[in-house]
Number of protein chains: 2
Amino acid sequence: MNLIIVNRKVFLLGVMALLLLGSGIYVSPTSAEKGKSVFYKFDKSGNLLQPKGYREWVFVGSPLTPNDMNNGKAAFPEFHHVYIPHEQFKVYKNTGAFPDGTILVKELLSVGKKQAPSGKGYFNGDFIGLEATVKDTKRYKNEPGNWAYFSFTTPIGQPHNKTAKAMPKTKCNFCHQAFAKDDWVFTQYYPVLKDAKPGRK
Amino acid sequence: MNLIIVNRKVFLLGVMALLLLGSGIYVSPTSAEKGKSVFYKFDKSGNLLQPKGYREWVFVGSPLTPNDMNNGKAAFPEFHHVYIPHEQFKVYKNTGAFPDGTILVKELLSVGKKQAPSGKGYFNGDFIGLEATVKDTKRYKNEPGNWAYFSFTTPIGQPHNKTAKAMPKTKCNFCHQAFAKDDWVFTQYYPVLKDAKPGRK
């Protein structure tokens, strides 16, 4: 039998750690709590890497501006599925503010069927686009609100780009600044965020 | 200094537990992995309790059958936001099947605005309904596919019911059995599930 002599405090710490793991109640500190986001990364040229795993984040709303309601020329064809990481959703729910390091992902889906057993309407088709916005007070200190906007979208049928350059202010930020309800985010169209904001209930 | 003599293996286990906690990579075993769903519960009369926390589950799709496309009488007014717990989504992604104990939640939202700076369309309004379906081979052994359907919806403005009784077969199951693509679930309208199913890529 190999025996080891340890300090009593170290021993008790080890026992507590084992108990915590066994109980399954341990929750790792979130990056938001650590004050550092790990939900987005950049390459050496400062381009945003395509976010991953966002379909398992918190979905906040699904605006729809289909081509057939916009003379065949919708600016954002067509369904928009918008997501925020769980940790940042939690911060928003507690504070009503988007923390530094927030990322929101907007996935674009074509309109699929327009008729189903449930009635006439609009039904999600294929994934056709991917966009993101990042709030980063250091990296985007010169962008209004410190938000930058990115598109990974390619022509239909091709895989999305793996990286994206921040869009010029006039392309996205301008409209968000003018019309978005809460800190450059269109929360007025995202009921899950609207409902989560403190003071709403 | 208090010293304690411990077995070498116990000591190493304690050190590993401390390291795991420190790294924040420990994830507690999921209920799905334990083979027991904790995502739905029943009261003593066998009524399903209103599910909680589903807006932080995996969103799978957002069909829309608005009143104004259905002569003012949509069967399901109007946006449907459909969710599945992360653990069960993981099982579906790995196996292509909904495990026993699956719950899907469908939240109904009114149509809010129909015009925004992004164009004409349909924008999420208020939460107006809550429905769920449960696959339970024991409890619903006599239901087709072992799926039962529930509605917590109340007239607009009132809080949803806290419990719901399983609907008669003819009310929901019938249509799901006839038209849903995968195991009584309308995956043809849920792109996130459609894309996750093994063999799709």
# chains A, B, ... in the order shown; residues from 1 in each chain; ligands from 1

call {"tool": "select_by_dssp", "arguments": {"residues": "region 22-164 of chain B", "states": "alpha helix (DSSP H)", "output": "list in words"}}
result
Gly22, Ser23, His86, Glu87, Gln88, Phe89, Lys90, Val91, Tyr92, Lys93, Asn94 and Thr95 of chain B

call {"tool": "residues_around", "arguments": {"residues": "region 119-127 of chain A", "least_positions_apart": "4", "cutoff": "8 Å", "atoms": "only C-alpha atoms", "output": "list in words"}}
result
Phe79, Glu107, Leu108, Leu109, Ser110, Val111, Gly112, Lys113, Lys114 and Gln115 of chain A; Gly61, Ser62, Pro63, Leu64, Thr65, Pro66, Met69, Asn70, Ala74, Ala75, Tyr189, Tyr190 and Pro191 of chain B

call {"tool": "residues_around", "arguments": {"residues": "region 98-102 of chain A", "least_positions_apart": "2", "cutoff": "7 Å", "atoms": "only C-alpha atoms", "output": "PyMOL selection string"}}
result
chain A and resi 36-37+88+91-92+104+134-137

call {"tool": "write_last_selection", "arguments": {"atoms": "N, CA and C atoms", "output": "PDB file, in the first residue's frame"}}
result
ATOM      1  N   LYS A  36     -14.512  37.674 -19.432  1.00  0.00           N
ATOM      2  CA  LYS A  36     -13.817  37.452 -20.707  1.00  0.00           C
ATOM      3  C   LYS A  36     -14.643  36.493 -21.558  1.00  0.00           C
ATOM      4  N   SER A  37     -15.005  36.909 -22.756  1.00  0.00           N
ATOM      5  CA  SER A  37     -15.826  36.066 -23.604  1.00  0.00           C
ATOM      6  C   SER A  37     -14.989  35.053 -24.350  1.00  0.00           C
ATOM      7  N   GLN A  88     -24.377  34.923 -21.486  1.00  0.00           N
ATOM      8  CA  GLN A  88     -24.656  36.334 -21.737  1.00  0.00           C
ATOM      9  C   GLN A  88     -26.150  36.625 -21.610  1.00  0.00           C
ATOM     10  N   VAL A  91     -26.664  37.168 -17.980  1.00  0.00           N
ATOM     11  CA  VAL A  91     -26.272  38.521 -17.567  1.00  0.00           C
ATOM     12  C   VAL A  91     -27.365  39.519 -17.952  1.00  0.00           C
ATOM     13  N   TYR A  92     -27.878  39.386 -19.181  1.00  0.00           N
ATOM     14  CA  TYR A  92     -28.934  40.297 -19.638  1.00  0.00           C
ATOM     15  C   TYR A  92     -30.174  40.184 -18.743  1.00  0.00           C
ATOM     16  N   LEU A 104     -24.017  38.068 -30.748  1.00  0.00           N
ATOM     17  CA  LEU A 104     -25.327  37.599 -31.201  1.00  0.00           C
ATOM     18  C   LEU A 104     -25.138  37.014 -32.589  1.00  0.00           C
ATOM     19  N   VAL A 134     -20.814  41.653 -32.593  1.00  0.00           N
ATOM     20  CA  VAL A 134     -19.970  41.514 -31.413  1.00  0.00           C
ATOM     21  C   VAL A 134     -19.843  42.872 -30.732  1.00  0.00           C
ATOM     22  N   LYS A 135     -20.006  42.863 -29.408  1.00  0.00           N
ATOM     23  CA  LYS A 135     -19.786  44.093 -28.639  1.00  0.00           C
ATOM     24  C   LYS A 135     -18.453  43.960 -27.909  1.00  0.00           C
ATOM     25  N   ASP A 136     -17.516  44.786 -28.294  1.00  0.00           N
ATOM     26  CA  ASP A 136     -16.167  44.651 -27.750  1.00  0.00           C
ATOM     27  C   ASP A 136     -15.589  46.055 -27.579  1.00  0.00           C
ATOM     28  N   THR A 137     -15.560  46.501 -26.340  1.00  0.00           N
ATOM     29  CA  THR A 137     -15.192  47.897 -26.078  1.00  0.00           C
ATOM     30  C   THR A 137     -13.730  48.208 -26.412  1.00  0.00           C
TER      31      THR A 137
END

call {"tool": "closest_residue", "arguments": {"among": "B:Phe152, B:Cys172, B:Ile128, B:Arg55", "to": "Pro77 (chain B)", "atoms": "only C-alpha atoms"}}
result
B:Ile128

call {"tool": "closest_residue", "arguments": {"among": "B:Pro117, B:Pro198, B:Gly129, B:Gly145", "to": "chain A", "atoms": "only C-alpha atoms"}}
result
B:Pro117

call {"tool": "select_by_dssp", "arguments": {"residues": "region 103-163 of chain B", "states": "strand (DSSP E or B)", "output": "ChimeraX atom specification"}}
result
/B:103-111,115-116,119-120,122,124-135,147-151,163
